[in-house]
file work.txt (compact mmCIF, C-alpha atoms)
# COMPACT_ATOMS: atom_id res chain seq x y z
CA MET A 1348 16.03 -106.15 -45.23
CA MET A 1349 12.25 -106.09 -44.94
CA ASN A 1350 12.28 -109.50 -43.25
CA LYS A 1351 14.87 -108.33 -40.73
CA SER A 1352 12.79 -105.27 -39.87
CA ARG A 1353 9.66 -107.38 -39.43
CA MET A 1354 11.53 -109.81 -37.25
CA PHE A 1355 12.94 -106.99 -35.16
CA TYR A 1356 9.51 -105.42 -34.55
CA ARG A 1357 8.05 -108.85 -33.82
CA MET A 1358 10.73 -109.53 -31.21
CA LEU A 1359 10.16 -106.08 -29.73
CA GLY A 1360 6.42 -106.65 -29.47
CA SER A 1361 6.94 -110.11 -28.02
CA SER A 1362 9.23 -108.70 -25.35
CA PHE A 1363 6.56 -106.22 -24.25
CA ARG A 1364 3.83 -108.86 -24.21
CA GLN A 1365 5.79 -111.46 -22.28
CA ARG A 1366 7.06 -109.02 -19.66
CA ARG A 1367 4.02 -106.81 -19.43
CA SER A 1368 4.15 -106.32 -15.66
CA ARG A 1369 7.84 -105.34 -15.65
CA MET A 1370 7.36 -103.00 -18.59
CA LEU A 1371 4.36 -101.37 -16.90
CA ILE A 1372 6.41 -100.74 -13.75
CA ALA A 1373 9.17 -99.07 -15.77
CA LEU A 1374 6.60 -97.13 -17.81
CA PHE A 1375 4.81 -95.99 -14.67
CA ALA A 1376 8.08 -94.71 -13.20
CA ILE A 1377 8.83 -92.75 -16.38
CA VAL A 1378 5.30 -91.34 -16.55
CA VAL A 1379 5.40 -90.17 -12.92
CA GLY A 1380 8.85 -88.65 -13.34
CA THR A 1381 8.09 -86.85 -16.59
CA ALA A 1382 4.68 -85.70 -15.28
CA VAL A 1383 6.24 -84.03 -12.25
CA ILE A 1384 9.02 -82.50 -14.35
CA SER A 1385 6.58 -81.34 -17.03
CA GLY A 1386 4.24 -79.83 -14.44
CA LEU A 1387 7.06 -78.03 -12.66
CA LEU A 1388 8.49 -76.69 -15.93
CA ASN A 1389 5.09 -75.30 -16.95
CA VAL A 1390 4.77 -73.65 -13.54
CA TYR A 1391 8.39 -72.45 -13.78
CA TYR A 1392 7.79 -70.65 -17.08
CA ASP A 1393 4.68 -68.98 -15.64
CA ILE A 1394 6.09 -68.26 -12.21
CA ASN A 1395 7.45 -64.80 -13.09
CA ILE A 1396 4.01 -63.66 -14.22
CA LYS A 1397 2.14 -65.35 -11.37
CA MET A 1398 4.53 -64.30 -8.65
CA GLY A 1399 4.77 -60.82 -10.13
CA LYS A 1400 1.02 -60.42 -9.64
CA GLU A 1401 1.27 -61.77 -6.12
CA PHE A 1402 4.11 -59.38 -5.29
CA ARG A 1403 2.05 -56.44 -6.45
CA SER A 1404 0.04 -56.77 -3.24
CA TYR A 1405 3.11 -55.24 -1.58
CA GLY A 1406 2.56 -52.02 -3.51
CA ALA A 1407 4.75 -49.93 -5.79
CA ASN A 1408 8.24 -51.18 -6.61
CA LEU A 1409 9.54 -48.18 -8.58
CA ILE A 1410 9.71 -44.49 -7.76
CA LEU A 1411 10.23 -41.62 -10.22
CA THR A 1412 11.63 -38.28 -9.02
CA PRO A 1413 13.44 -35.29 -10.54
CA GLY A 1414 17.14 -36.05 -11.08
CA THR A 1415 19.64 -35.14 -8.38
CA GLU A 1416 21.33 -32.73 -10.76
CA SER A 1417 18.05 -31.10 -11.72
CA ARG A 1418 17.16 -27.85 -10.00
CA GLN A 1419 13.48 -28.56 -10.41
CA LYS A 1420 11.55 -30.10 -7.55
CA VAL A 1421 8.65 -31.04 -9.79
CA PHE A 1422 8.14 -32.63 -13.19
CA SER A 1423 5.31 -32.60 -15.68
CA LEU A 1424 2.71 -35.35 -15.88
CA SER A 1425 3.53 -35.79 -19.57
CA THR A 1426 7.10 -36.75 -18.61
CA ALA A 1427 5.81 -39.31 -16.12
CA GLN A 1428 3.54 -40.77 -18.78
CA ALA A 1429 6.46 -40.99 -21.24
CA VAL A 1430 8.49 -42.92 -18.66
CA VAL A 1431 5.64 -45.34 -17.94
CA GLU A 1432 5.25 -46.02 -21.67
CA GLN A 1433 8.78 -47.43 -21.73
CA PHE A 1434 7.45 -50.52 -19.99
CA PRO A 1435 5.24 -53.14 -21.66
CA GLN A 1436 1.73 -52.01 -20.81
CA LYS A 1437 0.72 -55.53 -19.79
CA SER A 1438 3.30 -55.43 -17.01
CA VAL A 1439 2.21 -52.06 -15.59
CA VAL A 1440 -0.22 -52.82 -12.78
CA GLY A 1441 -0.67 -49.13 -12.03
CA TYR A 1442 1.06 -45.85 -11.36
CA THR A 1443 0.25 -42.54 -9.74
CA PRO A 1444 1.97 -39.13 -9.66
CA ASN A 1445 2.04 -37.49 -6.23
CA LEU A 1446 2.31 -33.80 -5.33
CA TYR A 1447 3.39 -32.98 -1.77
CA GLY A 1448 2.98 -29.77 0.19
CA LEU A 1449 2.25 -28.21 3.56
CA ALA A 1450 -1.14 -26.66 4.20
CA GLN A 1451 -2.57 -24.89 7.19
CA ILE A 1452 -5.79 -26.24 8.71
CA HIS A 1453 -6.96 -23.89 11.44
CA SER A 1454 -3.83 -23.67 13.60
CA GLN A 1455 -2.25 -26.90 12.37
CA ARG A 1456 0.29 -27.35 9.53
CA LEU A 1457 -0.09 -30.78 7.94
CA VAL A 1458 1.38 -32.66 4.98
CA ILE A 1459 -1.02 -32.76 2.06
CA VAL A 1460 -0.55 -35.33 -0.70
CA GLY A 1461 -2.25 -34.99 -4.05
CA THR A 1462 -2.69 -38.36 -5.77
CA TRP A 1463 -4.86 -40.26 -8.20
CA LEU A 1464 -7.48 -41.71 -5.88
CA ASP A 1465 -8.44 -44.40 -8.40
CA GLN A 1466 -4.91 -45.85 -8.22
CA ILE A 1467 -4.88 -46.46 -4.48
CA PRO A 1468 -5.94 -50.15 -4.85
CA ASN A 1469 -3.11 -50.69 -7.37
CA ILE A 1470 -0.30 -48.74 -5.72
CA THR A 1471 -1.12 -49.24 -2.04
CA PRO A 1472 -3.37 -52.32 -1.86
CA TYR A 1473 -2.18 -52.99 1.71
CA TRP A 1474 -3.90 -49.87 3.07
CA GLU A 1475 -6.79 -50.47 5.44
CA VAL A 1476 -9.44 -47.96 4.42
CA THR A 1477 -12.30 -47.24 6.81
CA GLY A 1478 -15.19 -45.61 4.97
CA GLU A 1479 -16.28 -45.19 1.37
CA TYR A 1480 -14.56 -42.70 -0.90
CA SER A 1481 -15.01 -41.63 -4.50
CA ALA A 1482 -12.43 -43.58 -6.51
CA ASP A 1483 -12.55 -41.03 -9.30
CA ARG A 1484 -9.33 -39.56 -10.63
CA ASN A 1485 -11.07 -36.23 -11.31
CA ALA A 1486 -13.03 -36.07 -8.05
CA THR A 1487 -12.79 -32.77 -6.18
CA GLY A 1488 -13.41 -31.63 -2.63
CA ILE A 1489 -12.75 -34.98 -0.91
CA ALA A 1490 -10.00 -36.13 1.44
CA LEU A 1491 -8.63 -39.29 3.01
CA VAL A 1492 -6.86 -38.76 6.33
CA GLY A 1493 -4.25 -40.91 7.99
CA LYS A 1494 -5.13 -42.82 11.12
CA ALA A 1495 -2.74 -40.82 13.33
CA VAL A 1496 -4.12 -37.49 12.08
CA SER A 1497 -7.68 -38.66 12.56
CA LYS A 1498 -7.00 -39.87 16.10
CA LYS A 1499 -5.03 -36.79 17.17
CA LEU A 1500 -7.21 -34.08 15.64
CA GLY A 1501 -10.54 -35.85 15.58
CA TYR A 1502 -10.99 -35.73 11.80
CA LYS A 1503 -13.68 -38.25 10.86
CA ALA A 1504 -15.90 -38.95 7.87
CA GLY A 1505 -17.95 -35.84 7.15
CA THR A 1506 -15.48 -33.38 8.69
CA VAL A 1507 -14.87 -30.32 6.49
CA LEU A 1508 -11.22 -29.27 6.35
CA PRO A 1509 -10.30 -25.71 5.22
CA LEU A 1510 -6.89 -26.02 3.53
CA LYS A 1511 -4.70 -22.98 2.95
CA ASP A 1512 -1.33 -22.81 1.21
CA GLU A 1513 0.79 -20.17 2.96
CA ILE A 1514 2.99 -19.61 -0.10
CA SER A 1515 0.39 -19.11 -2.81
CA GLY A 1516 -2.42 -18.05 -0.50
CA ASN A 1517 -4.82 -20.46 -2.26
CA GLU A 1518 -7.59 -21.99 -0.20
CA LEU A 1519 -9.60 -25.18 -0.64
CA ASN A 1520 -12.32 -26.88 1.38
CA VAL A 1521 -12.37 -30.68 1.37
CA THR A 1522 -14.58 -33.20 3.15
CA VAL A 1523 -13.16 -36.27 4.87
CA GLU A 1524 -14.61 -39.41 3.32
CA ALA A 1525 -12.37 -42.14 4.75
CA VAL A 1526 -9.57 -42.90 7.19
CA ILE A 1527 -6.52 -44.91 6.08
CA ASN A 1528 -4.22 -47.13 8.11
CA SER A 1529 -0.94 -47.86 6.36
CA GLY A 1530 1.35 -48.58 9.27
CA GLY A 1531 3.78 -45.98 7.89
CA THR A 1532 4.30 -42.27 7.42
CA GLU A 1533 1.06 -42.01 5.42
CA ASP A 1534 -0.84 -42.23 8.71
CA ASN A 1535 0.34 -38.68 9.42
CA GLN A 1536 -0.76 -37.26 6.05
CA ILE A 1537 -3.92 -36.11 4.32
CA PHE A 1538 -4.65 -37.30 0.77
CA ILE A 1539 -6.67 -35.32 -1.75
CA SER A 1540 -7.09 -35.61 -5.51
CA LEU A 1541 -4.09 -34.58 -7.58
CA GLY A 1542 -6.09 -31.90 -9.40
CA ASP A 1543 -7.09 -30.26 -6.13
CA ALA A 1544 -3.50 -30.34 -4.86
CA GLN A 1545 -2.18 -28.77 -8.08
CA LYS A 1546 -4.65 -25.88 -7.71
CA LEU A 1547 -3.95 -25.47 -3.99
CA PHE A 1548 -0.16 -25.36 -4.41
CA ALA A 1549 -0.24 -23.57 -7.80
CA GLN A 1550 1.56 -26.44 -9.56
CA GLU A 1551 -0.60 -27.16 -12.60
CA SER A 1552 0.11 -30.50 -14.37
CA SER A 1553 3.04 -31.19 -12.04
CA ALA A 1554 4.12 -33.74 -9.45
CA ASN A 1555 7.05 -34.30 -7.06
CA ALA A 1556 7.17 -38.07 -7.42
CA ALA A 1557 5.48 -40.92 -9.22
CA TYR A 1558 5.06 -44.44 -7.88
CA LEU A 1559 4.90 -47.37 -10.29
CA SER A 1560 3.85 -50.96 -9.74
CA VAL A 1561 5.42 -53.03 -12.52
CA ALA A 1562 5.43 -56.82 -12.75
CA GLY A 1563 8.46 -58.65 -14.09
CA GLU A 1564 12.19 -58.93 -13.63
CA GLY A 1565 15.13 -56.80 -14.67
CA LEU A 1566 13.68 -53.60 -13.23
CA GLU A 1567 17.11 -52.24 -12.31
CA LYS A 1568 18.36 -52.57 -15.89
CA ALA A 1569 15.14 -51.05 -17.23
CA ALA A 1570 15.45 -48.16 -14.77
CA SER A 1571 19.07 -47.52 -15.80
CA ALA A 1572 18.09 -47.42 -19.49
CA ILE A 1573 15.23 -45.01 -18.77
CA ASN A 1574 17.50 -42.76 -16.70
CA MET A 1575 19.83 -42.44 -19.68
CA GLN A 1576 16.90 -41.61 -21.94
CA PHE A 1577 15.52 -39.04 -19.47
CA PRO A 1578 18.60 -37.41 -17.91
CA ASP A 1579 16.56 -34.91 -15.87
CA MET A 1580 14.64 -37.73 -14.18
CA GLU A 1581 15.63 -40.50 -11.81
CA LEU A 1582 13.81 -43.83 -11.74
CA HIS A 1583 14.97 -46.43 -9.27
CA PRO A 1584 13.55 -49.57 -7.64
CA ILE A 1585 12.27 -49.50 -4.09
CA LYS A 1586 14.86 -51.86 -2.61
CA GLN A 1587 12.75 -53.25 0.20
CA ILE A 1588 10.21 -54.58 -2.31
CA SER A 1589 12.15 -55.30 -5.52
CA GLY A 1590 15.00 -56.90 -3.57
CA SER A 1591 12.61 -59.22 -1.74
CA GLU A 1592 10.93 -60.17 -5.03
CA ALA A 1593 14.23 -61.08 -6.71
CA SER A 1594 15.44 -63.04 -3.67
CA LEU A 1595 12.22 -65.04 -3.38
CA LEU A 1596 12.14 -65.82 -7.11
CA ASP A 1597 15.71 -67.11 -6.94
CA LYS A 1598 14.82 -69.37 -4.02
CA ILE A 1599 11.78 -70.74 -5.86
CA ARG A 1600 13.90 -71.46 -8.95
CA SER A 1601 16.49 -73.23 -6.82
CA LEU A 1602 13.74 -75.32 -5.25
CA VAL A 1603 12.43 -76.29 -8.69
CA TYR A 1604 15.94 -77.34 -9.79
CA ILE A 1605 16.43 -79.47 -6.67
CA VAL A 1606 13.05 -81.19 -7.04
CA VAL A 1607 13.69 -81.90 -10.75
CA VAL A 1608 17.09 -83.45 -9.99
CA ILE A 1609 15.63 -85.61 -7.21
CA ILE A 1610 12.79 -86.79 -9.46
CA LEU A 1611 15.24 -87.59 -12.27
CA LEU A 1612 17.49 -89.63 -9.99
CA SER A 1613 14.53 -91.50 -8.47
CA THR A 1614 13.08 -92.29 -11.89
CA LEU A 1615 16.49 -93.37 -13.20
CA LEU A 1616 17.00 -95.70 -10.24
CA CYS A 1617 13.54 -97.26 -10.56
CA VAL A 1618 13.80 -97.82 -14.32
CA ALA A 1619 17.37 -99.14 -14.07
CA THR A 1620 16.35 -101.61 -11.36
CA THR A 1621 13.39 -102.84 -13.42
CA MET A 1622 15.50 -103.20 -16.59
CA MET A 1623 18.17 -105.07 -14.65
CA THR A 1624 15.54 -107.51 -13.35
CA MET A 1625 14.29 -108.10 -16.91
CA VAL A 1626 17.82 -108.81 -18.11
CA MET A 1627 18.34 -111.38 -15.36
CA GLU A 1628 15.05 -113.06 -16.31
CA ARG A 1629 16.09 -113.15 -19.98
CA ARG A 1630 19.62 -114.54 -19.58
CA GLN A 1631 18.73 -117.84 -21.26
CA GLU A 1632 16.95 -116.02 -24.09
CA ILE A 1633 19.98 -113.78 -24.60
CA ALA A 1634 22.35 -116.73 -24.53
CA LEU A 1635 20.22 -118.58 -27.10
CA LYS A 1636 20.21 -115.55 -29.40
CA LYS A 1637 23.97 -115.34 -29.14
CA VAL A 1638 24.27 -119.02 -30.06
CA LEU A 1639 22.07 -118.40 -33.11
CA GLY A 1640 24.40 -115.62 -34.26
CA ALA A 1641 23.08 -112.44 -32.64
CA GLY A 1642 25.91 -110.07 -31.84
CA ASN A 1643 26.29 -107.72 -28.89
CA ARG A 1644 25.41 -104.78 -31.13
CA ALA A 1645 22.09 -106.32 -32.22
CA LEU A 1646 21.20 -107.25 -28.66
CA SER A 1647 22.12 -103.78 -27.40
CA LEU A 1648 19.99 -102.22 -30.13
CA GLU A 1649 17.05 -104.39 -29.05
CA PHE A 1650 17.28 -103.31 -25.42
CA LEU A 1651 17.81 -99.64 -26.31
CA SER A 1652 14.80 -99.80 -28.63
CA GLU A 1653 12.68 -101.15 -25.79
CA ALA A 1654 13.89 -98.28 -23.62
CA ALA A 1655 13.17 -95.76 -26.39
CA VAL A 1656 9.61 -97.03 -26.78
CA LEU A 1657 9.10 -96.77 -23.03
CA GLY A 1658 10.58 -93.27 -23.08
CA LEU A 1659 8.35 -92.05 -25.92
CA ILE A 1660 5.15 -93.48 -24.45
CA GLY A 1661 6.11 -92.22 -21.02
CA SER A 1662 6.86 -88.72 -22.30
CA VAL A 1663 3.49 -88.41 -24.05
CA ALA A 1664 1.58 -89.63 -21.02
CA GLY A 1665 3.80 -87.54 -18.73
CA LEU A 1666 3.13 -84.37 -20.71
CA CYS A 1667 -0.62 -84.85 -20.39
CA CYS A 1668 -0.45 -85.67 -16.69
CA GLY A 1669 2.07 -82.87 -16.12
CA TYR A 1670 -0.26 -80.30 -17.63
CA LEU A 1671 -3.04 -81.45 -15.30
CA LEU A 1672 -0.62 -81.28 -12.37
CA ALA A 1673 0.35 -77.74 -13.37
CA GLN A 1674 -3.32 -76.72 -13.32
CA VAL A 1675 -3.74 -78.18 -9.84
CA ILE A 1676 -0.72 -76.21 -8.63
CA GLY A 1677 -1.89 -73.05 -10.40
CA HIS A 1678 -5.40 -73.10 -8.96
CA SER A 1679 -4.30 -74.08 -5.46
CA VAL A 1680 -1.42 -71.59 -5.19
CA PHE A 1681 -2.22 -68.75 -7.62
CA GLN A 1682 -5.98 -69.22 -8.11
CA SER A 1683 -5.48 -69.16 -11.88
CA SER A 1684 -4.61 -71.50 -14.74
CA ILE A 1685 -1.07 -72.27 -15.89
CA SER A 1686 -0.34 -71.75 -19.58
CA PHE A 1687 0.94 -74.70 -21.59
CA ARG A 1688 4.40 -73.98 -22.96
CA ALA A 1689 5.37 -75.62 -26.27
CA ALA A 1690 9.03 -75.38 -25.25
CA VAL A 1691 8.35 -78.00 -22.58
CA ILE A 1692 7.53 -80.72 -25.16
CA PRO A 1693 11.00 -81.31 -26.67
CA LEU A 1694 12.65 -80.88 -23.29
CA VAL A 1695 10.43 -83.48 -21.60
CA VAL A 1696 10.76 -85.92 -24.52
CA PHE A 1697 14.55 -85.58 -24.42
CA VAL A 1698 14.64 -86.07 -20.64
CA SER A 1699 12.37 -89.13 -20.88
CA LEU A 1700 14.49 -90.73 -23.61
CA ALA A 1701 17.69 -89.85 -21.76
CA VAL A 1702 16.45 -91.40 -18.51
CA ALA A 1703 15.29 -94.56 -20.28
CA GLY A 1704 18.56 -94.77 -22.21
CA LEU A 1705 20.78 -94.22 -19.16
CA ALA A 1706 18.72 -96.70 -17.16
CA SER A 1707 19.50 -99.31 -19.85
CA MET A 1708 23.27 -98.79 -19.80
CA ILE A 1709 23.93 -100.87 -16.67
CA PRO A 1710 21.74 -103.80 -17.83
CA LEU A 1711 23.46 -103.65 -21.23
CA ARG A 1712 26.76 -104.52 -19.61
CA SER A 1713 25.13 -107.67 -18.27
CA VAL A 1714 23.75 -108.48 -21.73
CA ILE A 1715 27.18 -108.15 -23.32
CA GLY A 1716 28.76 -110.20 -20.54
CA VAL A 1717 26.42 -113.19 -20.92
CA GLU A 1718 28.37 -116.38 -21.71
CA PRO A 1719 26.05 -118.69 -23.76
CA ALA A 1720 27.79 -121.93 -22.81
CA VAL A 1721 27.64 -121.18 -19.09
CA VAL A 1722 24.03 -119.98 -19.09
CA LEU A 1723 22.65 -122.79 -21.26
CA LYS A 1724 24.32 -125.38 -19.03
CA GLY A 1725 22.30 -123.88 -16.17
CA GLU A 1726 25.35 -122.83 -14.16

call {"tool": "encode", "arguments": {"input": "work.txt", "output": "structure tokens"}}
result
Amino acid sequence: MMNKSRMFYRMLGSSFRQRRSRMLIALFAIVVGTAVISGLLNVYYDINIKMGKEFRSYGANLILTPGTESRQKVFSLSTAQAVVEQFPQKSVVGYTPNLYGLAQIHSQRLVIVGTWLDQIPNITPYWEVTGEYSADRNATGIALVGKAVSKKLGYKAGTVLPLKDEISGNELNVTVEAVINSGGTEDNQIFISLGDAQKLFAQESSANAAYLSVAGEGLEKAASAINMQFPDMELHPIKQISGSEASLLDKIRSLVYIVVVIILLSTLLCVATTMMTMVMERRQEIALKKVLGAGNRALSLEFLSEAAVLGLIGSVAGLCCGYLLAQVIGHSVFQSSISFRAAVIPLVVFVSLAVAGLASMIPLRSVIGVEPAVVLKGE
């Protein structure tokens, strides 16, 4: 038994040495194929996180408001915080509660929005802000005015605005520090700190809505679960943003699948062609082995073993090259590294062995069909 094993390994090694160029071509094809697949799989596993961060440049994707059946138009900040805590904190890019109201400024009635000024870069990163403002959540006496308001009424940096709430009679003076350009309804509004707005409108520790920017998938299911847990509140995705995110992610996944299939087929074709060429070159050797008593099973095992060795070596080299490829993609597209996923290892090894094995099936039929008498006669 020991002698048979030694002879088998010796024949295997001899086959690799004598057909080094052909083996290297097949190995190169497997390495390239598994490297691309490994790199794409590493990117695929990270794509939700990476793309989620990229999508957050579009702003908030969830909005929290009092439930439709609730008679209250406001909710407490503690409730908003409890809702936010239902999400993994690593996925929460930012959130801000907003309090809306109408205030009189001289003879004008304008929409005033109380917000957390420090969350503007997280919730509305697409805003164009002209001027410097205090990004302090607890800042008082400052205001950011929309572009349309600034242009129409001449409010610029340094302008003092006397705000008066007609319902409560409260008054507040704020100073314009910056002008915002959002391209939306915010251009017609004035933003002040949430604390100032709560005092002006006599709504301590309250808000009308909260905007959340949360990375990840399954936001609709998460929102439904939270709505059941907080029946007086209503959390729902902002369709224009969350819908676009889901659609784009699906397209990227489909693209990855298509590329993987194409790479697999190309690698399979290249390896099969190379193995078929080696079989044709070894017809006399195969015929001689059959004459000496080697059966089709032994010969098939020899060729499959060669393919398995190629597959294992190719998978190891492909994993290393694939990780480097993933880093190139990560830094060029996302400007960050791609994490190495252990789950990729068995998948890539299996794919490599499967490709090498399938590529050997067609040549094996030629091996089994070799007629020793015909081949050795030179016909």

call {"tool": "residues_near_point", "arguments": {"input": "work.txt", "point": "(-5.3, -40.1, 5.1)", "cutoff": "12 Å", "atoms": "only C-alpha atoms", "output": "number ranges by chain"}}
result
A: 1457-1462, 1464, 1467, 1474-1478, 1480, 1489-1498, 1502-1504, 1522-1540

call {"tool": "atom_distance", "arguments": {"input": "work.txt", "atom1": "atom CA of Ala1572 of chain A", "atom2": "atom CA of Pro1435 of chain A"}}
result
14.2 Å

call {"tool": "residues_around", "arguments": {"input": "work.txt", "residues": "Trp1463 of chain A", "least_positions_apart": "2", "cutoff": "9 Å", "atoms": "all atoms listed in the file", "output": "PyMOL selection string"}}
result
chain A and resi 1442-1445+1461+1465-1467+1482-1485+1539-1542

call {"tool": "closest_residue", "arguments": {"input": "work.txt", "among": "A:Val1608, A:Ala1549, A:Met1370, A:Ala1690", "to": "Asn1517 of chain A", "atoms": "all atoms listed in the file"}}
result
A:Ala1549

call {"tool": "residues_around", "arguments": {"input": "work.txt", "residues": "Ala1450 of chain A", "least_positions_apart": "4", "cutoff": "6 Å", "atoms": "only C-alpha atoms", "output": "MDAnalysis selection string"}}
result
chainID A and resid 1456:1457 1510:1512
